[in-house]
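Pasted below: upload20.cif, mmCIF, C-alpha atoms.
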```cif
data_protein
loop_
_atom_site.group_PDB
_atom_site.id
_atom_site.type_symbol
_atom_site.label_atom_id
_atom_site.label_comp_id
_atom_site.auth_asym_id
_atom_site.auth_seq_id
_atom_site.Cartn_x
_atom_site.Cartn_y
_atom_site.Cartn_z
ATOM 1 C CA MET I 1 -0.556 -20.735 -5.216
ATOM 2 C CA ASN I 2 0.670 -17.484 -3.732
ATOM 3 C CA ASN I 3 -1.387 -16.164 -0.850
ATOM 4 C CA TYR I 4 -1.631 -12.514 0.143
ATOM 5 C CA CYS I 5 -3.285 -10.631 2.969
ATOM 6 C CA THR I 6 -4.125 -7.012 3.620
ATOM 7 C CA LEU I 7 -6.169 -4.884 6.013
ATOM 8 C CA PHE I 8 -8.134 -1.662 5.695
ATOM 9 C CA ASN I 9 -11.298 0.112 6.801
ATOM 10 C CA SER I 10 -13.976 1.990 4.852
ATOM 11 C CA LEU I 11 -11.788 5.046 4.318
ATOM 12 C CA TYR I 12 -9.335 2.881 2.380
ATOM 13 C CA LEU I 13 -11.980 0.823 0.615
ATOM 14 C CA SER I 14 -11.444 2.201 -2.901
ATOM 15 C CA ARG I 15 -7.681 1.761 -2.545
ATOM 16 C CA GLY I 16 -7.995 -1.799 -1.250
ATOM 17 C CA LEU I 17 -10.422 -2.772 -3.998
ATOM 18 C CA THR I 18 -8.128 -1.201 -6.607
ATOM 19 C CA MET I 19 -5.184 -3.186 -5.275
ATOM 20 C CA TYR I 20 -7.231 -6.397 -5.507
ATOM 21 C CA ARG I 21 -8.315 -5.620 -9.080
ATOM 22 C CA SER I 22 -4.707 -4.986 -10.102
ATOM 23 C CA LEU I 23 -3.693 -8.371 -8.672
ATOM 24 C CA GLU I 24 -6.634 -9.962 -10.457
ATOM 25 C CA LYS I 25 -5.376 -8.499 -13.721
ATOM 26 C CA CYS I 26 -1.678 -9.297 -13.283
ATOM 27 C CA ALA I 27 -1.291 -12.388 -11.107
ATOM 28 C CA ARG I 28 -1.819 -15.855 -12.552
ATOM 29 C CA ASP I 29 -2.591 -17.837 -9.410
ATOM 30 C CA PHE I 30 -3.335 -16.081 -6.134
ATOM 31 C CA HIS I 31 -5.737 -15.622 -3.250
ATOM 32 C CA LEU I 32 -6.106 -12.472 -1.149
ATOM 33 C CA TYR I 33 -7.283 -12.530 2.477
ATOM 34 C CA ILE I 34 -8.822 -9.143 3.287
ATOM 35 C CA PHE I 35 -9.288 -8.119 6.909
ATOM 36 C CA ALA I 36 -12.135 -5.601 7.002
ATOM 37 C CA PHE I 37 -11.630 -3.217 9.896
ATOM 38 C CA ASP I 38 -15.210 -1.944 10.119
ATOM 39 C CA ASP I 39 -18.667 -3.348 9.408
ATOM 40 C CA GLU I 40 -19.422 -1.289 6.294
ATOM 41 C CA CYS I 41 -16.135 -2.305 4.744
ATOM 42 C CA TYR I 42 -16.981 -5.955 5.438
ATOM 43 C CA ARG I 43 -20.479 -5.578 3.989
ATOM 44 C CA ILE I 44 -19.379 -3.964 0.732
ATOM 45 C CA LEU I 45 -16.515 -6.395 0.158
ATOM 46 C CA SER I 46 -18.804 -9.349 0.840
ATOM 47 C CA GLU I 47 -21.451 -8.069 -1.564
ATOM 48 C CA LEU I 48 -18.835 -7.594 -4.291
ATOM 49 C CA GLN I 49 -18.276 -11.378 -4.237
ATOM 50 C CA LEU I 50 -14.605 -11.136 -5.167
ATOM 51 C CA ALA I 51 -13.722 -14.479 -6.727
ATOM 52 C CA LYS I 52 -10.141 -14.645 -5.430
ATOM 53 C CA ALA I 53 -10.625 -13.113 -2.005
ATOM 54 C CA THR I 54 -11.739 -14.179 1.448
ATOM 55 C CA ILE I 55 -13.166 -11.422 3.644
ATOM 56 C CA ILE I 56 -12.556 -11.627 7.396
ATOM 57 C CA ARG I 57 -14.418 -9.568 9.996
ATOM 58 C CA LEU I 58 -12.324 -7.687 12.509
ATOM 59 C CA SER I 59 -14.265 -9.288 15.382
ATOM 60 C CA ASP I 60 -13.519 -12.782 14.039
ATOM 61 C CA PHE I 61 -9.805 -12.086 13.976
ATOM 62 C CA GLU I 62 -9.070 -10.129 17.153
ATOM 63 C CA ASP I 63 -7.731 -12.132 20.082
ATOM 64 C CA GLU I 64 -7.299 -11.309 23.775
ATOM 65 C CA GLN I 65 -3.802 -9.866 23.352
ATOM 66 C CA LEU I 66 -4.905 -7.463 20.632
ATOM 67 C CA LEU I 67 -8.072 -6.427 22.429
ATOM 68 C CA ALA I 68 -6.082 -5.748 25.597
ATOM 69 C CA ILE I 69 -3.977 -3.036 23.908
ATOM 70 C CA LYS I 70 -6.519 -1.750 21.347
ATOM 71 C CA SER I 71 -7.612 1.243 23.442
ATOM 72 C CA THR I 72 -3.992 2.405 23.783
ATOM 73 C CA ARG I 73 -3.518 2.839 20.023
ATOM 74 C CA THR I 74 -4.979 5.219 17.463
ATOM 75 C CA THR I 75 -6.844 3.681 14.512
ATOM 76 C CA GLY I 76 -3.721 3.862 12.382
ATOM 77 C CA GLU I 77 -1.474 2.518 15.115
ATOM 78 C CA TYR I 78 -3.827 -0.375 15.727
ATOM 79 C CA CYS I 79 -3.722 -1.277 12.034
ATOM 80 C CA TRP I 80 0.069 -1.295 12.194
ATOM 81 C CA THR I 81 -0.069 -3.374 15.372
ATOM 82 C CA CYS I 82 -2.245 -5.944 13.624
ATOM 83 C CA THR I 83 -0.039 -6.383 10.546
ATOM 84 C CA PRO I 84 1.975 -9.419 11.731
ATOM 85 C CA SER I 85 -1.112 -10.831 13.432
ATOM 86 C CA ILE I 86 -3.172 -10.983 10.224
ATOM 87 C CA ILE I 87 -0.346 -12.811 8.451
ATOM 88 C CA LEU I 88 -0.042 -15.361 11.252
ATOM 89 C CA TYR I 89 -3.833 -15.739 11.456
ATOM 90 C CA SER I 90 -4.063 -16.365 7.695
ATOM 91 C CA ILE I 91 -1.358 -19.012 7.754
ATOM 92 C CA ARG I 92 -2.819 -20.871 10.733
ATOM 93 C CA LYS I 93 -6.545 -20.444 10.070
ATOM 94 C CA PHE I 94 -6.403 -21.427 6.407
ATOM 95 C CA GLY I 95 -3.425 -23.799 6.479
ATOM 96 C CA LEU I 96 -1.343 -21.753 4.042
ATOM 97 C CA SER I 97 2.141 -22.701 2.901
ATOM 98 C CA ASN I 98 3.015 -19.031 2.489
ATOM 99 C CA CYS I 99 1.490 -15.579 2.922
ATOM 100 C CA THR I 100 2.599 -12.110 1.826
ATOM 101 C CA TYR I 101 1.345 -8.968 3.506
ATOM 102 C CA LEU I 102 0.408 -6.145 1.090
ATOM 103 C CA ASP I 103 -0.290 -2.521 1.945
ATOM 104 C CA ALA I 104 -3.719 -1.548 0.646
ATOM 105 C CA ASP I 105 -2.327 1.366 -1.371
ATOM 106 C CA LEU I 106 -0.145 -0.782 -3.625
ATOM 107 C CA PHE I 107 -0.964 -1.147 -7.316
ATOM 108 C CA PHE I 108 0.403 -3.971 -9.441
ATOM 109 C CA TYR I 109 1.645 -3.561 -13.010
ATOM 110 C CA ALA I 110 3.027 -7.112 -13.262
ATOM 111 C CA ASP I 111 2.771 -10.471 -11.488
ATOM 112 C CA PRO I 112 4.510 -10.311 -8.078
ATOM 113 C CA LEU I 113 5.467 -13.984 -8.474
ATOM 114 C CA VAL I 114 8.803 -12.790 -9.900
ATOM 115 C CA LEU I 115 9.606 -11.175 -6.540
ATOM 116 C CA ILE I 116 8.872 -14.341 -4.587
ATOM 117 C CA ASP I 117 10.810 -16.487 -7.077
ATOM 118 C CA GLU I 118 13.881 -14.269 -6.607
ATOM 119 C CA ALA I 119 14.154 -15.381 -2.981
ATOM 120 C CA GLY I 120 14.540 -19.055 -3.858
ATOM 121 C CA GLY I 121 14.208 -21.075 -0.672
ATOM 122 C CA ALA I 122 14.209 -18.124 1.731
ATOM 123 C CA SER I 123 11.501 -18.075 4.387
ATOM 124 C CA VAL I 124 11.067 -14.288 4.606
ATOM 125 C CA ILE I 125 11.277 -11.469 2.042
ATOM 126 C CA ILE I 126 11.616 -7.785 2.974
ATOM 127 C CA THR I 127 11.791 -4.794 0.629
ATOM 128 C CA PRO I 128 14.230 -1.896 1.137
ATOM 129 C CA HIS I 129 13.012 1.691 0.893
ATOM 130 C CA ARG I 130 15.833 2.545 -1.562
ATOM 131 C CA TYR I 131 15.473 6.200 -0.594
ATOM 132 C CA SER I 132 16.542 8.891 -3.021
ATOM 133 C CA PRO I 133 19.355 10.892 -1.369
ATOM 134 C CA MET I 134 17.139 13.920 -0.659
ATOM 135 C CA TYR I 135 14.638 11.750 1.253
ATOM 136 C CA GLU I 136 17.066 9.470 3.111
ATOM 137 C CA ASP I 137 15.342 8.363 6.336
ATOM 138 C CA SER I 138 16.765 4.941 7.166
ATOM 139 C CA GLU I 139 17.926 5.924 10.630
ATOM 140 C CA SER I 140 14.504 6.886 12.006
ATOM 141 C CA GLY I 141 12.028 5.570 9.411
ATOM 142 C CA GLY I 142 13.644 2.213 8.775
ATOM 143 C CA ILE I 143 15.813 0.574 6.138
ATOM 144 C CA TYR I 144 12.889 -1.591 5.005
ATOM 145 C CA CYS I 145 9.267 -0.808 4.223
ATOM 146 C CA VAL I 146 6.302 -2.765 5.529
ATOM 147 C CA GLN I 147 4.570 -2.875 2.152
ATOM 148 C CA PHE I 148 5.348 -6.317 0.741
ATOM 149 C CA VAL I 149 6.514 -8.840 3.366
ATOM 150 C CA TYR I 150 6.574 -12.551 2.508
ATOM 151 C CA PHE I 151 6.531 -15.413 5.021
ATOM 152 C CA LYS I 152 6.848 -19.111 4.357
ATOM 153 C CA ASN I 153 5.084 -21.477 6.754
ATOM 154 C CA SER I 154 8.384 -22.876 8.000
ATOM 155 C CA ASP I 155 10.204 -22.859 11.312
ATOM 156 C CA GLU I 156 12.322 -19.909 10.123
ATOM 157 C CA GLY I 157 9.354 -17.926 8.818
ATOM 158 C CA ILE I 158 7.117 -18.479 11.837
ATOM 159 C CA ALA I 159 9.939 -17.581 14.245
ATOM 160 C CA VAL I 160 10.313 -14.151 12.624
ATOM 161 C CA LEU I 161 6.564 -13.642 12.433
ATOM 162 C CA GLU I 162 5.894 -14.528 16.070
ATOM 163 C CA TRP I 163 8.740 -12.274 17.234
ATOM 164 C CA TRP I 164 7.367 -9.378 15.139
ATOM 165 C CA ARG I 165 3.838 -9.894 16.470
ATOM 166 C CA SER I 166 5.040 -9.838 20.092
ATOM 167 C CA ALA I 167 7.107 -6.705 19.466
ATOM 168 C CA CYS I 168 4.160 -4.868 17.873
ATOM 169 C CA ILE I 169 1.796 -5.807 20.696
ATOM 170 C CA GLU I 170 4.324 -4.487 23.212
ATOM 171 C CA TRP I 171 5.011 -1.211 21.313
ATOM 172 C CA CYS I 172 3.626 0.131 18.027
ATOM 173 C CA TYR I 173 3.073 3.882 17.873
ATOM 174 C CA ASN I 174 3.288 6.645 15.288
ATOM 175 C CA ARG I 175 6.367 8.204 16.794
ATOM 176 C CA ARG I 176 10.088 7.741 16.374
ATOM 177 C CA GLU I 177 12.243 6.426 19.167
ATOM 178 C CA PRO I 178 15.692 4.808 19.066
ATOM 179 C CA GLY I 179 15.214 1.533 17.174
ATOM 180 C CA ARG I 180 11.428 1.913 16.946
ATOM 181 C CA PHE I 181 8.873 3.429 14.617
ATOM 182 C CA GLY I 182 5.437 1.827 14.262
ATOM 183 C CA ASP I 183 5.718 -1.739 13.015
ATOM 184 C CA GLN I 184 8.514 -0.842 10.596
ATOM 185 C CA LYS I 185 11.853 -0.320 12.375
ATOM 186 C CA TYR I 186 11.625 -3.840 13.773
ATOM 187 C CA LEU I 187 12.497 -5.143 10.290
ATOM 188 C CA ASP I 188 15.961 -3.544 10.479
ATOM 189 C CA VAL I 189 17.309 -6.348 12.692
ATOM 190 C CA TRP I 190 15.845 -9.345 10.880
ATOM 191 C CA THR I 191 18.830 -10.089 8.627
ATOM 192 C CA THR I 192 21.154 -10.340 11.635
ATOM 193 C CA ARG I 193 18.765 -11.740 14.239
ATOM 194 C CA PHE I 194 17.209 -14.511 12.113
ATOM 195 C CA THR I 195 18.118 -16.937 9.327
ATOM 196 C CA GLY I 196 16.280 -17.356 6.038
ATOM 197 C CA VAL I 197 15.590 -13.632 5.455
ATOM 198 C CA HIS I 198 16.013 -12.343 1.896
ATOM 199 C CA VAL I 199 16.324 -8.650 1.001
ATOM 200 C CA LEU I 200 14.583 -8.051 -2.320
ATOM 201 C CA GLU I 201 16.910 -6.914 -5.118
ATOM 202 C CA HIS I 202 14.354 -6.437 -7.920
ATOM 203 C CA LEU I 203 13.989 -2.679 -8.422
ATOM 204 C CA GLY I 204 10.420 -3.156 -9.673
ATOM 205 C CA GLY I 205 9.276 -4.306 -6.246
ATOM 206 C CA GLY I 206 8.833 -1.193 -4.188
ATOM 207 C CA VAL I 207 8.874 1.848 -6.455
ATOM 208 C CA ALA I 208 7.463 4.642 -4.292
ATOM 209 C CA PRO I 209 7.373 8.428 -3.823
ATOM 210 C CA TRP I 210 10.593 8.362 -1.771
ATOM 211 C CA ASN I 211 12.660 6.667 -4.523
ATOM 212 C CA VAL I 212 10.874 7.322 -7.846
ATOM 213 C CA GLN I 213 13.218 10.277 -8.565
ATOM 214 C CA GLN I 214 15.906 7.717 -9.443
ATOM 215 C CA TYR I 215 13.977 6.311 -12.417
ATOM 216 C CA ASP I 216 12.357 7.075 -15.754
ATOM 217 C CA PHE I 217 9.518 4.978 -17.165
ATOM 218 C CA GLU I 218 8.251 3.799 -20.540
ATOM 219 C CA HIS I 219 5.897 1.265 -22.080
ATOM 220 C CA LYS I 220 7.724 -1.730 -23.481
ATOM 221 C CA ILE I 221 6.523 -5.219 -24.416
ATOM 222 C CA GLY I 222 3.040 -4.418 -23.183
ATOM 223 C CA GLN I 223 3.955 -3.263 -19.680
ATOM 224 C CA VAL I 224 5.575 -0.449 -17.720
ATOM 225 C CA TRP I 225 9.372 -0.560 -17.508
ATOM 226 C CA GLY I 226 11.663 1.561 -15.397
ATOM 227 C CA LYS I 227 15.207 2.705 -16.070
ATOM 228 C CA GLU I 228 17.532 3.425 -13.183
ATOM 229 C CA LEU I 229 19.137 6.728 -14.137
ATOM 230 C CA ALA I 230 22.462 6.076 -12.392
ATOM 231 C CA SER I 231 23.125 2.676 -13.986
ATOM 232 C CA GLN I 232 20.783 2.788 -17.026
ATOM 233 C CA ARG I 233 19.533 -0.615 -15.869
ATOM 234 C CA LEU I 234 16.059 -1.559 -17.154
ATOM 235 C CA PHE I 235 13.489 -3.384 -15.030
ATOM 236 C CA PRO I 236 9.767 -4.187 -15.243
ATOM 237 C CA VAL I 237 7.710 -2.316 -12.652
ATOM 238 C CA VAL I 238 5.926 -4.876 -10.484
ATOM 239 C CA PHE I 239 4.201 -2.530 -8.054
ATOM 240 C CA TYR I 240 4.111 1.095 -7.006
ATOM 241 C CA HIS I 241 3.344 2.188 -3.454
ATOM 242 C CA PHE I 242 0.927 5.120 -3.619
ATOM 243 C CA HIS I 243 1.843 6.338 -0.156
ATOM 244 C CA ALA I 244 0.560 9.861 0.569
ATOM 245 C CA LEU I 245 -1.849 9.998 -2.379
ATOM 246 C CA LYS I 246 -4.932 11.638 -0.864
ATOM 247 C CA TYR I 247 -8.424 12.440 -2.067
ATOM 248 C CA ALA I 248 -9.421 16.109 -1.981
ATOM 249 C CA GLU I 249 -12.673 17.946 -2.614
ATOM 250 C CA MET I 250 -13.907 18.712 -6.143
ATOM 251 C CA ASN I 251 -12.815 15.285 -7.466
ATOM 252 C CA SER I 252 -9.168 16.089 -6.912
ATOM 253 C CA PHE I 253 -6.065 14.449 -5.485
ATOM 254 C CA THR I 254 -2.737 15.304 -3.927
ATOM 255 C CA LEU I 255 -0.111 12.852 -5.054
ATOM 256 C CA ALA I 256 2.947 12.369 -2.917
ATOM 257 C CA GLY I 257 2.995 14.388 0.287
ATOM 258 C CA GLY I 258 5.704 16.795 -0.832
ATOM 259 C CA ASN I 259 7.939 14.261 -2.590
ATOM 260 C CA LEU I 260 8.997 15.268 -6.088
ATOM 261 C CA ILE I 261 6.886 13.604 -8.795
ATOM 262 C CA SER I 262 7.656 14.164 -12.499
ATOM 263 C CA ASP I 263 5.342 14.293 -15.514
ATOM 264 C CA ASN I 264 6.889 10.976 -16.557
ATOM 265 C CA ASP I 265 5.845 9.422 -13.224
ATOM 266 C CA ILE I 266 2.343 10.833 -13.576
ATOM 267 C CA HIS I 267 1.895 9.510 -17.102
ATOM 268 C CA PHE I 268 3.111 5.954 -16.547
ATOM 269 C CA LEU I 269 2.245 5.343 -12.889
ATOM 270 C CA TYR I 270 -0.337 7.772 -11.534
ATOM 271 C CA LYS I 271 -2.710 7.979 -14.507
ATOM 272 C CA PRO I 272 -3.458 4.231 -14.543
ATOM 273 C CA TYR I 273 -3.939 4.270 -10.781
ATOM 274 C CA VAL I 274 -6.346 7.199 -10.654
ATOM 275 C CA LYS I 275 -8.382 5.666 -13.485
ATOM 276 C CA ALA I 276 -8.534 2.414 -11.507
ATOM 277 C CA LEU I 277 -9.578 4.299 -8.349
ATOM 278 C CA LYS I 278 -12.464 5.887 -10.251
ATOM 279 C CA ASN I 279 -13.578 2.448 -11.486
ATOM 280 C CA SER I 280 -13.468 1.116 -7.925
ATOM 281 C CA GLY I 281 -15.503 4.087 -6.780
ATOM 282 C CA ARG I 282 -18.202 3.231 -9.289
ATOM 283 C CA GLU I 283 -18.269 -0.374 -8.060
ATOM 284 C CA ILE I 284 -18.670 0.753 -4.464
ATOM 285 C CA ARG I 285 -21.355 3.334 -5.273
ATOM 286 C CA SER I 286 -23.368 0.683 -7.092
ATOM 287 C CA LEU I 287 -23.796 -0.962 -3.680
ATOM 288 C CA SER I 288 -23.919 2.089 -1.432
ATOM 289 C CA ARG I 289 -24.622 5.678 -2.445
ATOM 290 C CA LEU I 290 -23.973 7.040 1.036
ATOM 291 C CA LEU I 291 -20.789 5.283 2.168
ATOM 292 C CA GLN I 292 -17.728 7.525 2.480
ATOM 293 C CA PHE I 293 -15.013 5.253 1.106
ATOM 294 C CA HIS I 294 -12.070 7.665 1.195
ATOM 295 C CA GLU I 295 -10.921 10.781 3.035
ATOM 296 C CA MET I 296 -11.910 14.216 1.675
ATOM 297 C CA ASN I 297 -9.318 16.941 2.214
ATOM 298 C CA GLU I 298 -10.224 20.581 1.775
ATOM 299 C CA ILE I 299 -8.543 22.734 -0.888
ATOM 300 C CA PRO I 300 -7.839 26.083 0.823
ATOM 301 C CA ARG I 301 -9.928 28.984 -0.520
ATOM 302 C CA ILE I 302 -10.634 27.196 -3.814
ATOM 303 C CA ARG I 303 -14.319 28.118 -3.810
ATOM 304 C CA LYS I 304 -13.517 31.818 -3.337
ATOM 305 C CA SER I 305 -11.227 32.270 -6.336
ATOM 306 C CA LEU I 306 -12.272 32.031 -9.985
ATOM 307 C CA ARG I 307 -8.635 31.883 -11.042
ATOM 308 C CA ARG I 308 -7.953 28.882 -8.813
ATOM 309 C CA MET I 309 -11.094 27.125 -9.996
ATOM 310 C CA PHE I 310 -10.096 27.785 -13.622
ATOM 311 C CA ASN I 311 -6.646 26.307 -13.004
ATOM 312 C CA LEU I 312 -8.125 23.237 -11.338
ATOM 313 C CA TYR I 313 -11.064 22.554 -13.652
ATOM 314 C CA VAL I 314 -9.698 23.706 -17.017
ATOM 315 C CA LEU I 315 -5.933 23.249 -16.720
ATOM 316 C CA GLY I 316 -6.375 20.284 -14.377
ATOM 317 C CA LYS I 317 -3.970 21.431 -11.666
ATOM 318 C CA PHE I 318 -3.854 24.014 -8.887
ATOM 319 C CA ARG I 319 -0.675 23.955 -6.816
ATOM 320 C CA GLU I 320 -0.342 20.403 -5.469
ATOM 321 C CA TYR I 321 -3.961 19.528 -6.307
ATOM 322 C CA TYR I 322 -4.720 17.574 -9.475
ATOM 323 C CA HIS I 323 -8.263 17.299 -10.798
ATOM 324 C CA GLN I 324 -9.327 13.805 -11.883
ATOM 325 C CA SER I 325 -9.698 15.092 -15.465
ATOM 326 C CA TYR I 326 -5.930 15.561 -15.565
ATOM 327 C CA PHE I 327 -5.500 11.782 -15.337
ATOM 328 C CA LEU I 328 -8.466 10.768 -17.482
ATOM 329 C CA ARG I 329 -7.472 12.747 -20.584
#
```
How would this structure read if it were set down as structure tokens?
Amino acid sequence: MNNYCTLFNSLYLSRGLTMYRSLEKCARDFHLYIFAFDDECYRILSELQLAKATIIRLSDFEDEQLLAIKSTRTTGEYCWTCTPSIILYSIRKFGLSNCTYLDADLFFYADPLVLIDEAGGASVIITPHRYSPMYEDSESGGIYCVQFVYFKNSDEGIAVLEWWRSACIEWCYNRREPGRFGDQKYLDVWTTRFTGVHVLEHLGGGVAPWNVQQYDFEHKIGQVWGKELASQRLFPVVFYHFHALKYAEMNSFTLAGGNLISDNDIHFLYKPYVKALKNSGREIRSLSRLLQFHEMNEIPRIRKSLRRMFNLYVLGKFREYYHQSYFLR
């Protein structure tokens, strides 16, 4: 069995549930350990009775080292700080042979087992950003992305994991310094500092707003396939990282934080995801009508302009804002 873990609070609840449902649909044999970072998140996830998930309270997981630095980090920074700790906790608490950390805003289109199988006997798997040239950020943002990080319960795997945990407890902030940025830049040195680390080659593992410009997509053999434009190489899309997709008022979304997204990307990647988010929202609302389970960004001056409201409601798009109807057509 392949074991996964993730963490999120109530404002990421619909994303986290959507990620779980996509795994449930695509993966043959898995279990997901979800670390709920607030009480309402824990309550809703527990009441959903997810068959292939174990829900862990934040208070059950935090140890003295984490609690000692918690007040020095923002909510986001503390989540980053905890990333290696939840992996290590899962392996030790539940006696796992392996565990893969997943960002809560991933969405799976195929079984991630193919990514783990690629590594053979390696103890650690990391995924490169594969930046498009216009978004190249390896120097300050990191060569690799903390989105899908696999660890085997072996001497090699635990050595990397314990080193990463110690580094994040010492320093993990949302600012860029030489050799450091959050929990992410630490991964840059793993291939030279440790043995047993595999850099993922499968292009379908880690498609994201910063590299999607390099691909076109189509449906083929019942799933989404990508084509690398430079080489014309075909590959099945395993997961997409919906980084920077944000909820906005009036049932709308912004998609990629300024990164270029094409109509092809929207059709094959974003439409299925937004539909799945809406389904997750219905599940959550069936248990709580009042819980705010995502952020709600304001659309500037939208309520004061009939033309802007027409564009959003009827045409489905106003500037960078897409109405949910655009994806549900």
Run through the PyMOL selection byres ((chain I and resi 17) around 12) on the given coordinates and return the selected residues as a count of residues only.
49
What does the distance from CA of Leu200 (chain I) to CA of Val238 (chain I) come to in Å, to one decimal?
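For CA of Leu200 (chain I) relative to CA of Val238 (chain I), the distance reads 12.3 Å.
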Pick out the closest residue to Ala244 (chain I) from this set: I:Asp111, I:Asp38, I:Glu295, I:Pro300. Count only C-alpha atoms.
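Closest to Ala244 (chain I) of all the choices is I:Glu295.
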Region 130-209 of chain I near region 230-235 of chain I within 8 Å: what's each residue's closest atom pair and its distance in Å to one decimal, counting all atoms listed in the file, ordered by chain then ascending residue number, as JSON lines?
```
{"residue": "I:His202", "atom": "CA", "partner": "I:Phe235", "partner_atom": "CA", "distance": 7.8}
{"residue": "I:Leu203", "atom": "CA", "partner": "I:Phe235", "partner_atom": "CA", "distance": 6.7}
{"residue": "I:Gly204", "atom": "CA", "partner": "I:Phe235", "partner_atom": "CA", "distance": 6.2}
```
Restricting to only C-alpha atoms, whichever of I:Pro112, I:Glu62, I:Thr74, I:Cys82 is closest to Phe30 (chain I) is I:Pro112
Any idea what the distance is between CA of Pro178 (chain I) and CA of Trp164 (chain I)?
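Calculated distance between CA of Pro178 (chain I) and CA of Trp164 (chain I) is 16.9 Å.
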Counting all atoms listed in the file, what is within 9 Å of region 115-123 of chain I, bar same-chain residues fewer than 6 positions away, as a list in words?
Asn2, Asn98, Tyr150, Phe151, Lys152, Asn153, Ser154, Asp155, Glu156, Gly157, Ile158, Thr195, Gly196, Val197, His198, Val199, Leu200, Glu201, His202, Gly204, Gly205 and Val238 of chain I
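With all atoms listed in the file as the atoms that count, the residue of I:Arg301, I:Arg165, I:Arg130, I:His267 with the shortest distance to Gln65 (chain I) is I:Arg165.
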For the interface of region 19-61 of chain I with region 84-95 of chain I (cut-off 9 Å, counting only C-alpha atoms), please tabulate each contacting residue of region 19-61 of chain I alongside its nearest pair of atoms and their separation in Å to one decimal, rows sorted by chain and increasing number, as a Markdown table.
```
| residue | atom | partner | partner_atom | distance |
| --- | --- | --- | --- | --- |
| I:Tyr33 | CA | I:Ser90 | CA | 7.2 |
| I:Phe35 | CA | I:Ile86 | CA | 7.5 |
| I:Phe61 | CA | I:Tyr89 | CA | 7.4 |
```
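Restricting the calculation to only C-alpha atoms, the smallest distance between Tyr109 (chain I) and any of I:Glu228, I:Gln292, I:Tyr313, I:His219 is found for I:His219.
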Check which residues satisfy the PyMOL selection byres ((chain I and resi 140) around 10) in the file shown, then give them as a JSON list (two decimals) with C-alpha atoms, in the coordinates of the input.
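Listing of result.json after writing:
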```json
[["chain", "number", "residue", "atom", "x", "y", "z"],
["I", 136, "GLU", "CA", 17.07, 9.47, 3.11],
["I", 137, "ASP", "CA", 15.34, 8.36, 6.34],
["I", 138, "SER", "CA", 16.76, 4.94, 7.17],
["I", 139, "GLU", "CA", 17.93, 5.92, 10.63],
["I", 141, "GLY", "CA", 12.03, 5.57, 9.41],
["I", 142, "GLY", "CA", 13.64, 2.21, 8.78],
["I", 143, "ILE", "CA", 15.81, 0.57, 6.14],
["I", 175, "ARG", "CA", 6.37, 8.20, 16.79],
["I", 176, "ARG", "CA", 10.09, 7.74, 16.37],
["I", 177, "GLU", "CA", 12.24, 6.43, 19.17],
["I", 178, "PRO", "CA", 15.69, 4.81, 19.07],
["I", 179, "GLY", "CA", 15.21, 1.53, 17.17],
["I", 180, "ARG", "CA", 11.43, 1.91, 16.95],
["I", 181, "PHE", "CA", 8.87, 3.43, 14.62],
["I", 184, "GLN", "CA", 8.51, -0.84, 10.60],
["I", 185, "LYS", "CA", 11.85, -0.32, 12.38]]
```
Output check: residues returned by the PyMOL selection byres ((chain I and resi 148) around 7), as a list of chain:residue names
I:Thr100, I:Tyr101, I:Leu102, I:Asp103, I:Ile126, I:Thr127, I:Val146, I:Gln147, I:Val149, I:Tyr150
Between I:Ser262, I:Thr54, I:Ser286, I:Ser71, which is the closest to Tyr215 (chain I) once you count all atoms listed in the file?
I:Ser262
Top pick for closest residue to Leu245 (chain I), considering I:Tyr322, I:Tyr173, I:Phe268, I:Phe194 and counting only C-alpha atoms:
I:Tyr322
What's around Met134 (chain I) at 12 Å? Count only C-alpha atoms, leave out sequence neighbours fewer than 3 positions away in its own chain, and write the answer as a ChimeraX atom specification.
/I:130-131,137-138,209-214,258-260
Coordinates-based distance that separates CA of Arg308 (chain I) from CA of Ser252 (chain I) (Å, one decimal):
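CA of Ser252 (chain I) sits 13.0 Å away from CA of Arg308 (chain I).
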Padded axis-aligned box of region 90-103 of chain I (8 Å per side), centre and edge lengths, Å, one decimal, as lines of an AutoDock Vina configuration file:
```
center_x = -1.8
center_y = -13.2
center_z = 5.9
size_x = 25.6
size_y = 37.3
size_z = 25.6
```
